Amino acid sequence: MNYFLTETEQMIKDTAREVAQKYIKPVAAEYDEKNEFAWDVQEKIAEAGLCGVYIPETYGGICPEGQMGIMNLVVAVEELSKVCGGISLGLAATALGTIPLILFGNEEQKQKYLPAIAAGEKLAAFALTEACAGSNAGGIQTTARKEGDYYILNGTKQWITNGNVAEMYTVIAMTDKTRGARGATAFLVDKGTPGFSFGKKENKMGIRASSTYELVFEDCKIPASAILGKEGHGFLSAMKTFDMSRPGVAAQALGIAAGALEDAVDYARTREQFGKPVISNQGLRFLLADMAMKVETARAMVYATARSIDSGDRNCSKESAIAKCYASDVAMQVTTDAVQVFGGYGYMKEYPMEKRMRDAKITQIYEGTNQIQREVIGQCLIKEAAAKK
Amino acid sequence: MNIIVTIKQVPDAANVRINPETKTLVREGVESMMNPLDAYALEEAVRLKEKLGGKVTVVCMGPPMAEAVLREAISLGADEAVLLSDRAVAGSDTLATSYALSQTISKLGGYDLILGGKQAIDGDTAQVGPGIAVNLDIPQVTCVRKVRECADGKMVVERMTEEGYDVVEVTLPAVVTVVKEINEPRIASLKGKMAAKRAQIKVMTAADIEADLTRLGLKGSPTNVVEIFSPDARQGGVKIEGAPEEQAKSLVTALKEAQLL
C-alpha cells in the first residue's frame, strides 16, 4: 500500500532497514540469549543518523522547528523492530525519555541534552513506574523534597527501560503528596548524580537485548533548574508525553508483527510437506491472510496517528491509545500464528520466531497496559459525547 | 589533508554479460553500481579526513548517468564530487583513462593523496591507479590493506602480497590503491543521504581539463581487444570416500583409468 511517505521518511525507512539487516540480524539472537544491551549495534544506529529523527533541527535533529517528528520515529522503530524488538528500544525508549524535554523543556535544558541525544552520544529513559504504582501512576511514592535551590529525591523506580545505559532520566516524583496527581513533578536527572544508583537488573521474558533496571534515589540532590516544566505538572507532562510516545510503542509492535509475517510467508513458500510447499494449503494461506489484514490495518492506524500528531493535533489521547492497543494486540496474535506457521521449528530457539512472540508480549503491557488503553479510549468517548450536548 | 578518490561506475557484477559480436560488456538493462573496491578507498579517505581534517573529493569519468555514484559517494562522506564527462573520452582504454583522470586531478590541484580501488570489477585491469601516478609523476603503492600512519607528508602502509605483506613508507602526494581487507565501509547515514540529494556535482569536459584530444577516447587508446569470452564454469571435483585404504585403492584405480599412472 502506498502510504505516501515523504522523501525524508523513505530515507529513514531505507536507512533503518539497512542497519537492521546488516548489523542487527546477525546478532539479535545472541544479545537476546545474553540478556545484554547491544552497544555495538546502538553505535551503528547512531552513526546512521537515526537517533535524531524526531528531534528539531535546531538541536541537531532533522525536524523542522515547531513540528513533532513522530512519523519519522515510527518508520525507524518499525523497521528496526522487524528484525529485533529489543534492540530497537535503545532508540524508542530514548524517545520516550526525550519527548517530555522537547515538549516542556526550557532552552537551557534543550541545549544541554538534545544535541547529544540527536547525535546518539547519549541515551535517555523515562521513569514513572514503581513497585506499587503501575497502572495507577498517581500512586507513586518517590518524593522530591525542596531544600533551598535544590530538591532531594528519595524512592525507587521499577522496570525502567534503558536503565543504566541512559545518561538522562526523566523522573516523576511527588513534590507535594497532599495534592495527589497535582503534586507530581518531572525532573531531568543525570546518570552519575550522587545518591542516584541502579538496583536490580531485570531478567525478562522478551526484549532481552534492552536494558531494564531499578533506579534507586537515596537523598539524591537535584538543582531546581532540573525541573521539567512547572512544579506540580509532572503527571500532566507524563500523560501528554504518552499521547505522543504511544505511537512509538505501537511501531515497535507493528514492526515485530510485520517481521513475523514476512518470515512466515517466506517459510511457507519453501517448507515442503506432502510433496508441495505448505503455502499451497488453503488453510495456511487463510491464516497468513488474516495475519496480513491485521498487520496492514495496524500500520494504517499507527501511521495515521503519527501524522495527526505531527500535523499539530494535541488532542490525540484516544487515537494514540487505539494505535498502541491495537498494534500490540495484533503483534501478539500475529507472532503466535507465525510460530504456528513454522510448526516445530517456530518453537525452537534456532529460528527467530519464538523470540518475536516473547518480544511481542511486553507491548501489550508497558506504556500503559492494554486495559488502561481501553480505559483511556472509553473515557475519551464519554468526553466526546458529553461535549456534543 | 586533501584527498582525491577516483571512482568508477560499473555494471552490477552479478549480471554482467558479454556481447560476442562486439566483444564489449552488455550495459543495457544492467543496473549500475559503485565499483566495490572504490567504496573501500572512499571509506579509508573519509576515515583519514575524520582523523586529520581536510576534505574528500571524488572524481569519476563516465557518462552523465555516472552522477549517481558520485551522489552515493557524498552520502558516504565525500565533500565534493567531480564528473569528467565528454564524448571525447568515450571508448578510452586504461592508458587514455589514466591520462584523462590525471589531467582532471591536475586541474583540481591541491591534493595530498589520491586513493582508489585496486581494480574495477568490469575491466579488472588494475592499471588506472598506477597510470595516474605515472602521469602526475608521483609515487604509488598498490594493493594496500592498511594505513599504519599518516603524518608529516608521509604515509606508512601495508601492501598485500601473495605471501603476506610489505610495510612501505611513501612520501605524499602519492597514489594509493586499496584492497578490501583495508576496512569495512559504512552505510550511508541519513544526513549523508540528505547532503547527497542537495549536492552540486561539478561536471568537467575535455576542454575544461585542457586535454590533448589525441590522447583521449578510441584515438588515444592503443589497446586492441582480440577476443573476449566467459570462461567455462569450473567442474566440480570427485570426492573419494571410505576408509584410508579404500580411498588409496580408489585413487590409484582412477589414476590408472585416466592413464596417469
# chains A, B, ... in the order shown; residues from 1 in each chain; ligands from 1
call {"tool": "residues_around", "arguments": {"residues": "Ala173 of chain A", "least_positions_apart": "2", "cutoff": "6 Å", "atoms": "only C-alpha atoms", "output": "VMD selection string"}}
result
chain A and resid 142 to 144 184 to 185
call {"tool": "closest_atom_pairs", "arguments": {"of": "segment 233-281 of chain A", "to": "segment 84-108 of chain A", "cutoff": "12 Å", "atoms": "only C-alpha atoms", "output": "CSV"}}
result
residue,atom,partner,partner_atom,distance
A:His233,CA,A:Phe104,CA,9.9
A:Gly234,CA,A:Pro100,CA,9.8
A:Phe235,CA,A:Pro100,CA,11.2
A:Leu236,CA,A:Pro100,CA,10.4
A:Ser237,CA,A:Pro100,CA,6.6
A:Ala238,CA,A:Pro100,CA,7.4
A:Met239,CA,A:Pro100,CA,9.8
A:Lys240,CA,A:Pro100,CA,8.0
A:Thr241,CA,A:Pro100,CA,5.6
A:Phe242,CA,A:Leu96,CA,7.8
A:Asp243,CA,A:Ile99,CA,10.3
A:Met244,CA,A:Ile99,CA,7.7
A:Ser245,CA,A:Leu96,CA,5.7
A:Arg246,CA,A:Leu96,CA,8.6
A:Pro247,CA,A:Ala92,CA,10.0
A:Gly248,CA,A:Ala92,CA,6.2
A:Val249,CA,A:Ala92,CA,7.3
A:Ala250,CA,A:Ala92,CA,10.4
A:Ala251,CA,A:Ala92,CA,9.1
A:Gln252,CA,A:Gly85,CA,6.2
A:Ala253,CA,A:Gly85,CA,7.7
A:Leu254,CA,A:Gly85,CA,9.7
A:Gly255,CA,A:Gly85,CA,7.4
A:Ile256,CA,A:Gly85,CA,6.0
A:Ala257,CA,A:Gly85,CA,9.8
A:Ala258,CA,A:Gly85,CA,11.2
A:Gly259,CA,A:Cys84,CA,8.8
A:Ala260,CA,A:Cys84,CA,10.5
call {"tool": "write_last_selection", "arguments": {"atoms": "N, CA and C atoms", "output": "PDB file, in the first residue's frame"}}
result
ATOM      1  N   HIS A 233       3.341  19.856  37.708  1.00  0.00           N
ATOM      2  CA  HIS A 233       2.843  19.481  36.378  1.00  0.00           C
ATOM      3  C   HIS A 233       3.355  18.120  35.903  1.00  0.00           C
ATOM      4  N   GLY A 234       4.006  17.397  36.795  1.00  0.00           N
ATOM      5  CA  GLY A 234       4.652  16.151  36.399  1.00  0.00           C
ATOM      6  C   GLY A 234       3.717  15.112  35.812  1.00  0.00           C
ATOM      7  N   PHE A 235       2.569  14.980  36.432  1.00  0.00           N
ATOM      8  CA  PHE A 235       1.632  13.965  35.974  1.00  0.00           C
ATOM      9  C   PHE A 235       1.049  14.349  34.617  1.00  0.00           C
ATOM     10  N   LEU A 236       0.735  15.630  34.493  1.00  0.00           N
ATOM     11  CA  LEU A 236       0.206  16.138  33.222  1.00  0.00           C
ATOM     12  C   LEU A 236       1.249  15.942  32.104  1.00  0.00           C
ATOM     13  N   SER A 237       2.521  16.252  32.434  1.00  0.00           N
ATOM     14  CA  SER A 237       3.594  16.079  31.451  1.00  0.00           C
ATOM     15  C   SER A 237       3.662  14.619  31.017  1.00  0.00           C
ATOM     16  N   ALA A 238       3.543  13.736  31.994  1.00  0.00           N
ATOM     17  CA  ALA A 238       3.636  12.310  31.684  1.00  0.00           C
ATOM     18  C   ALA A 238       2.501  11.903  30.745  1.00  0.00           C
ATOM     19  N   MET A 239       1.289  12.353  31.025  1.00  0.00           N
ATOM     20  CA  MET A 239       0.144  11.960  30.196  1.00  0.00           C
ATOM     21  C   MET A 239       0.270  12.531  28.781  1.00  0.00           C
ATOM     22  N   LYS A 240       0.719  13.799  28.695  1.00  0.00           N
ATOM     23  CA  LYS A 240       0.914  14.416  27.366  1.00  0.00           C
ATOM     24  C   LYS A 240       2.013  13.687  26.601  1.00  0.00           C
ATOM     25  N   THR A 241       3.036  13.279  27.346  1.00  0.00           N
ATOM     26  CA  THR A 241       4.131  12.530  26.718  1.00  0.00           C
ATOM     27  C   THR A 241       3.614  11.210  26.158  1.00  0.00           C
ATOM     28  N   PHE A 242       2.839  10.504  26.944  1.00  0.00           N
ATOM     29  CA  PHE A 242       2.327   9.205  26.494  1.00  0.00           C
ATOM     30  C   PHE A 242       1.474   9.351  25.230  1.00  0.00           C
ATOM     31  N   ASP A 243       0.694  10.440  25.174  1.00  0.00           N
ATOM     32  CA  ASP A 243      -0.129  10.648  23.971  1.00  0.00           C
ATOM     33  C   ASP A 243       0.744  10.656  22.715  1.00  0.00           C
ATOM     34  N   MET A 244       1.975  11.182  22.870  1.00  0.00           N
ATOM     35  CA  MET A 244       2.858  11.283  21.697  1.00  0.00           C
ATOM     36  C   MET A 244       3.811  10.113  21.562  1.00  0.00           C
ATOM     37  N   SER A 245       4.070   9.452  22.668  1.00  0.00           N
ATOM     38  CA  SER A 245       5.056   8.371  22.601  1.00  0.00           C
ATOM     39  C   SER A 245       4.413   7.023  22.295  1.00  0.00           C
ATOM     40  N   ARG A 246       3.115   6.897  22.539  1.00  0.00           N
ATOM     41  CA  ARG A 246       2.483   5.592  22.312  1.00  0.00           C
ATOM     42  C   ARG A 246       2.585   5.112  20.869  1.00  0.00           C
ATOM     43  N   PRO A 247       2.548   6.016  19.891  1.00  0.00           N
ATOM     44  CA  PRO A 247       2.782   5.517  18.523  1.00  0.00           C
ATOM     45  C   PRO A 247       4.155   4.847  18.375  1.00  0.00           C
ATOM     46  N   GLY A 248       5.118   5.247  19.201  1.00  0.00           N
ATOM     47  CA  GLY A 248       6.445   4.618  19.158  1.00  0.00           C
ATOM     48  C   GLY A 248       6.369   3.164  19.602  1.00  0.00           C
ATOM     49  N   VAL A 249       5.650   2.906  20.689  1.00  0.00           N
ATOM     50  CA  VAL A 249       5.456   1.516  21.141  1.00  0.00           C
ATOM     51  C   VAL A 249       4.632   0.760  20.098  1.00  0.00           C
ATOM     52  N   ALA A 250       3.621   1.453  19.575  1.00  0.00           N
ATOM     53  CA  ALA A 250       2.785   0.826  18.544  1.00  0.00           C
ATOM     54  C   ALA A 250       3.650   0.431  17.352  1.00  0.00           C
ATOM     55  N   ALA A 251       4.634   1.275  17.023  1.00  0.00           N
ATOM     56  CA  ALA A 251       5.520   0.986  15.885  1.00  0.00           C
ATOM     57  C   ALA A 251       6.417  -0.202  16.190  1.00  0.00           C
ATOM     58  N   GLN A 252       6.830  -0.308  17.439  1.00  0.00           N
ATOM     59  CA  GLN A 252       7.635  -1.473  17.847  1.00  0.00           C
ATOM     60  C   GLN A 252       6.794  -2.737  17.648  1.00  0.00           C
ATOM     61  N   ALA A 253       5.548  -2.707  18.122  1.00  0.00           N
ATOM     62  CA  ALA A 253       4.644  -3.860  17.988  1.00  0.00           C
ATOM     63  C   ALA A 253       4.390  -4.160  16.509  1.00  0.00           C
ATOM     64  N   LEU A 254       4.133  -3.102  15.757  1.00  0.00           N
ATOM     65  CA  LEU A 254       3.888  -3.255  14.312  1.00  0.00           C
ATOM     66  C   LEU A 254       5.083  -3.906  13.625  1.00  0.00           C
ATOM     67  N   GLY A 255       6.279  -3.442  13.979  1.00  0.00           N
ATOM     68  CA  GLY A 255       7.491  -3.998  13.369  1.00  0.00           C
ATOM     69  C   GLY A 255       7.652  -5.476  13.691  1.00  0.00           C
ATOM     70  N   ILE A 256       7.423  -5.810  14.958  1.00  0.00           N
ATOM     71  CA  ILE A 256       7.544  -7.219  15.371  1.00  0.00           C
ATOM     72  C   ILE A 256       6.571  -8.071  14.547  1.00  0.00           C
ATOM     73  N   ALA A 257       5.328  -7.583  14.419  1.00  0.00           N
ATOM     74  CA  ALA A 257       4.305  -8.331  13.670  1.00  0.00           C
ATOM     75  C   ALA A 257       4.659  -8.417  12.184  1.00  0.00           C
ATOM     76  N   ALA A 258       5.089  -7.291  11.623  1.00  0.00           N
ATOM     77  CA  ALA A 258       5.390  -7.260  10.185  1.00  0.00           C
ATOM     78  C   ALA A 258       6.579  -8.154   9.865  1.00  0.00           C
ATOM     79  N   GLY A 259       7.578  -8.149  10.744  1.00  0.00           N
ATOM     80  CA  GLY A 259       8.739  -9.017  10.547  1.00  0.00           C
ATOM     81  C   GLY A 259       8.337 -10.483  10.601  1.00  0.00           C
ATOM     82  N   ALA A 260       7.442 -10.797  11.543  1.00  0.00           N
ATOM     83  CA  ALA A 260       6.966 -12.181  11.690  1.00  0.00           C
ATOM     84  C   ALA A 260       6.209 -12.618  10.439  1.00  0.00           C
TER      85      ALA A 260
END
call {"tool": "closest_atom_pairs", "arguments": {"of": "chain A", "to": "chain B", "cutoff": "8 Å", "atoms": "only C-alpha atoms", "output": "JSON lines"}}
result
{"residue": "A:Met11", "atom": "CA", "partner": "B:Leu190", "partner_atom": "CA", "distance": 6.7}
{"residue": "A:Ile12", "atom": "CA", "partner": "B:Leu190", "partner_atom": "CA", "distance": 6.6}
{"residue": "A:Thr15", "atom": "CA", "partner": "B:Leu190", "partner_atom": "CA", "distance": 6.8}
{"residue": "A:Glu18", "atom": "CA", "partner": "B:Ile187", "partner_atom": "CA", "distance": 7.6}
{"residue": "A:Val19", "atom": "CA", "partner": "B:Ile187", "partner_atom": "CA", "distance": 7.8}
{"residue": "A:Glu47", "atom": "CA", "partner": "B:Ser189", "partner_atom": "CA", "distance": 6.6}
{"residue": "A:Ala48", "atom": "CA", "partner": "B:Ser189", "partner_atom": "CA", "distance": 4.0}
{"residue": "A:Gly49", "atom": "CA", "partner": "B:Leu190", "partner_atom": "CA", "distance": 5.2}
{"residue": "A:Leu50", "atom": "CA", "partner": "B:Leu190", "partner_atom": "CA", "distance": 7.0}
call {"tool": "closest_atom_pairs", "arguments": {"of": "segment 49-85 of chain A", "to": "segment 296-311 of chain A", "cutoff": "10 Å", "atoms": "only C-alpha atoms", "output": "CSV"}}
result
residue,atom,partner,partner_atom,distance
A:Tyr54,CA,A:Asp310,CA,10.0
A:Cys63,CA,A:Asp310,CA,10.0
A:Gly66,CA,A:Asp310,CA,9.5
A:Gln67,CA,A:Asp310,CA,6.1
A:Met68,CA,A:Asp310,CA,4.9
A:Gly69,CA,A:Asp310,CA,6.1
A:Ile70,CA,A:Ala306,CA,5.4
A:Met71,CA,A:Ala306,CA,4.9
A:Asn72,CA,A:Ala306,CA,8.6
A:Leu73,CA,A:Ala306,CA,8.9
A:Val74,CA,A:Ala306,CA,7.3
A:Val75,CA,A:Tyr303,CA,8.5
A:Glu78,CA,A:Arg299,CA,9.4
call {"tool": "select_by_dssp", "arguments": {"residues": "segment 154-388 of chain A", "states": "strand (DSSP E)", "output": "PyMOL selection string"}}
result
chain A and resi 154-161+168-174+184-190+196-201+212-223+227-228+272-273+276-277
call {"tool": "select_by_dssp", "arguments": {"residues": "segment 204-241 of chain A", "states": "alpha helix (DSSP H)", "output": "list of chain:residue names"}}
result
A:Gly234, A:Phe235, A:Leu236, A:Ser237, A:Ala238, A:Met239, A:Lys240, A:Thr241
call {"tool": "write_last_selection", "arguments": {"atoms": "C-alpha atoms", "output": "mmCIF file, in the first residue's frame"}}
result
data_model
loop_
_atom_site.group_PDB
_atom_site.id
_atom_site.type_symbol
_atom_site.label_atom_id
_atom_site.label_comp_id
_atom_site.auth_asym_id
_atom_site.auth_seq_id
_atom_site.Cartn_x
_atom_site.Cartn_y
_atom_site.Cartn_z
ATOM 1 C CA GLY A 234 4.652 16.151 36.399
ATOM 2 C CA PHE A 235 1.632 13.965 35.974
ATOM 3 C CA LEU A 236 0.206 16.138 33.222
ATOM 4 C CA SER A 237 3.594 16.079 31.451
ATOM 5 C CA ALA A 238 3.636 12.310 31.684
ATOM 6 C CA MET A 239 0.144 11.960 30.196
ATOM 7 C CA LYS A 240 0.914 14.416 27.366
ATOM 8 C CA THR A 241 4.131 12.530 26.718
#
call {"tool": "closest_residue", "arguments": {"among": "B:Val10, B:Ile132, B:Ile4, B:Ala81", "to": "Gly110 of chain B", "atoms": "only C-alpha atoms"}}
result
B:Ile4
call {"tool": "residues_around", "arguments": {"residues": "Lys154 of chain B", "least_positions_apart": "4", "cutoff": "12 Å", "atoms": "only C-alpha atoms", "output": "NGL selection string"}}
result
:B and (1 or 112-113 or 139 or 147-150 or 168-174)
call {"tool": "write_last_selection", "arguments": {"atoms": "C-alpha atoms", "output": "mmCIF file, in the first residue's frame"}}
result
data_model
loop_
_atom_site.group_PDB
_atom_site.id
_atom_site.type_symbol
_atom_site.label_atom_id
_atom_site.label_comp_id
_atom_site.auth_asym_id
_atom_site.auth_seq_id
_atom_site.Cartn_x
_atom_site.Cartn_y
_atom_site.Cartn_z
ATOM 1 C CA MET B 1 44.680 16.537 4.287
ATOM 2 C CA ASP B 112 47.867 15.321 -0.659
ATOM 3 C CA LEU B 113 46.717 11.837 -1.519
ATOM 4 C CA PRO B 139 54.888 7.723 -6.127
ATOM 5 C CA VAL B 147 47.277 2.576 6.624
ATOM 6 C CA ARG B 148 49.554 2.447 9.638
ATOM 7 C CA GLU B 149 50.481 6.089 9.921
ATOM 8 C CA CYS B 150 49.836 9.275 8.068
ATOM 9 C CA VAL B 168 56.048 0.656 2.718
ATOM 10 C CA GLU B 169 56.769 4.265 3.568
ATOM 11 C CA VAL B 170 55.764 6.699 0.871
ATOM 12 C CA THR B 171 56.090 10.481 0.595
ATOM 13 C CA LEU B 172 52.976 12.424 -0.244
ATOM 14 C CA PRO B 173 51.382 13.259 -2.535
ATOM 15 C CA ALA B 174 51.057 9.710 -3.759
#
call {"tool": "residues_around", "arguments": {"residues": "Thr97 of chain B", "least_positions_apart": "5", "cutoff": "10 Å", "atoms": "only C-alpha atoms", "output": "number ranges by chain"}}
result
B: 61-62, 89-92, 102-103, 127-129, 131-132, 215-217, 220-221
call {"tool": "atom_distance", "arguments": {"atom1": "atom CA of Leu218 of chain B", "atom2": "atom CA of Asp93 of chain B"}}
result
7.5 Å
call {"tool": "atom_distance", "arguments": {"atom1": "atom CA of Ala78 of chain B", "atom2": "atom CA of Lys49 of chain B"}}
result
9.4 Å
call {"tool": "residues_around", "arguments": {"residues": "segment 27-33 of chain B", "least_positions_apart": "2", "cutoff": "6 Å", "atoms": "only C-alpha atoms", "output": "PyMOL selection string"}}
result
chain B and resi 9-12+25
call {"tool": "write_last_selection", "arguments": {"atoms": "N, CA and C atoms", "output": "PDB file, in the first residue's frame"}}
result
ATOM      1  N   GLN B   9      31.939   3.925 -12.137  1.00  0.00           N
ATOM      2  CA  GLN B   9      30.618   3.300 -12.139  1.00  0.00           C
ATOM      3  C   GLN B   9      30.706   2.041 -12.993  1.00  0.00           C
ATOM      4  N   VAL B  10      30.294   0.936 -12.422  1.00  0.00           N
ATOM      5  CA  VAL B  10      30.413  -0.349 -13.124  1.00  0.00           C
ATOM      6  C   VAL B  10      29.051  -1.041 -13.170  1.00  0.00           C
ATOM      7  N   PRO B  11      28.861  -1.959 -14.117  1.00  0.00           N
ATOM      8  CA  PRO B  11      27.611  -2.718 -14.102  1.00  0.00           C
ATOM      9  C   PRO B  11      27.586  -3.673 -12.907  1.00  0.00           C
ATOM     10  N   ASP B  12      26.413  -3.903 -12.385  1.00  0.00           N
ATOM     11  CA  ASP B  12      26.261  -4.808 -11.244  1.00  0.00           C
ATOM     12  C   ASP B  12      26.878  -6.162 -11.607  1.00  0.00           C
ATOM     13  N   LEU B  25      31.115  -5.310 -22.975  1.00  0.00           N
ATOM     14  CA  LEU B  25      30.129  -5.642 -21.956  1.00  0.00           C
ATOM     15  C   LEU B  25      28.759  -5.136 -22.387  1.00  0.00           C
TER      16      LEU B  25
END
call {"tool": "atom_distance", "arguments": {"atom1": "atom CA of Glu167 of chain A", "atom2": "atom CA of Asp190 of chain A"}}
result
5.8 Å
call {"tool": "residues_around", "arguments": {"residues": "segment 240-244 of chain B", "least_positions_apart": "6", "cutoff": "10 Å", "atoms": "only C-alpha atoms", "output": "MDAnalysis selection string"}}
result
chainID B and resid 250:251 254
call {"tool": "closest_residue", "arguments": {"among": "A:Thr6, A:Val27, A:Asn370, A:Met357", "to": "Met205 of chain A", "atoms": "only C-alpha atoms"}}
result
A:Met357
call {"tool": "residues_around", "arguments": {"residues": "Ile121 of chain B", "least_positions_apart": "3", "cutoff": "8 Å", "atoms": "only C-alpha atoms", "output": "list in words"}}
result
Val10, Ala13, Asn35, Pro36 and Asp124 of chain B
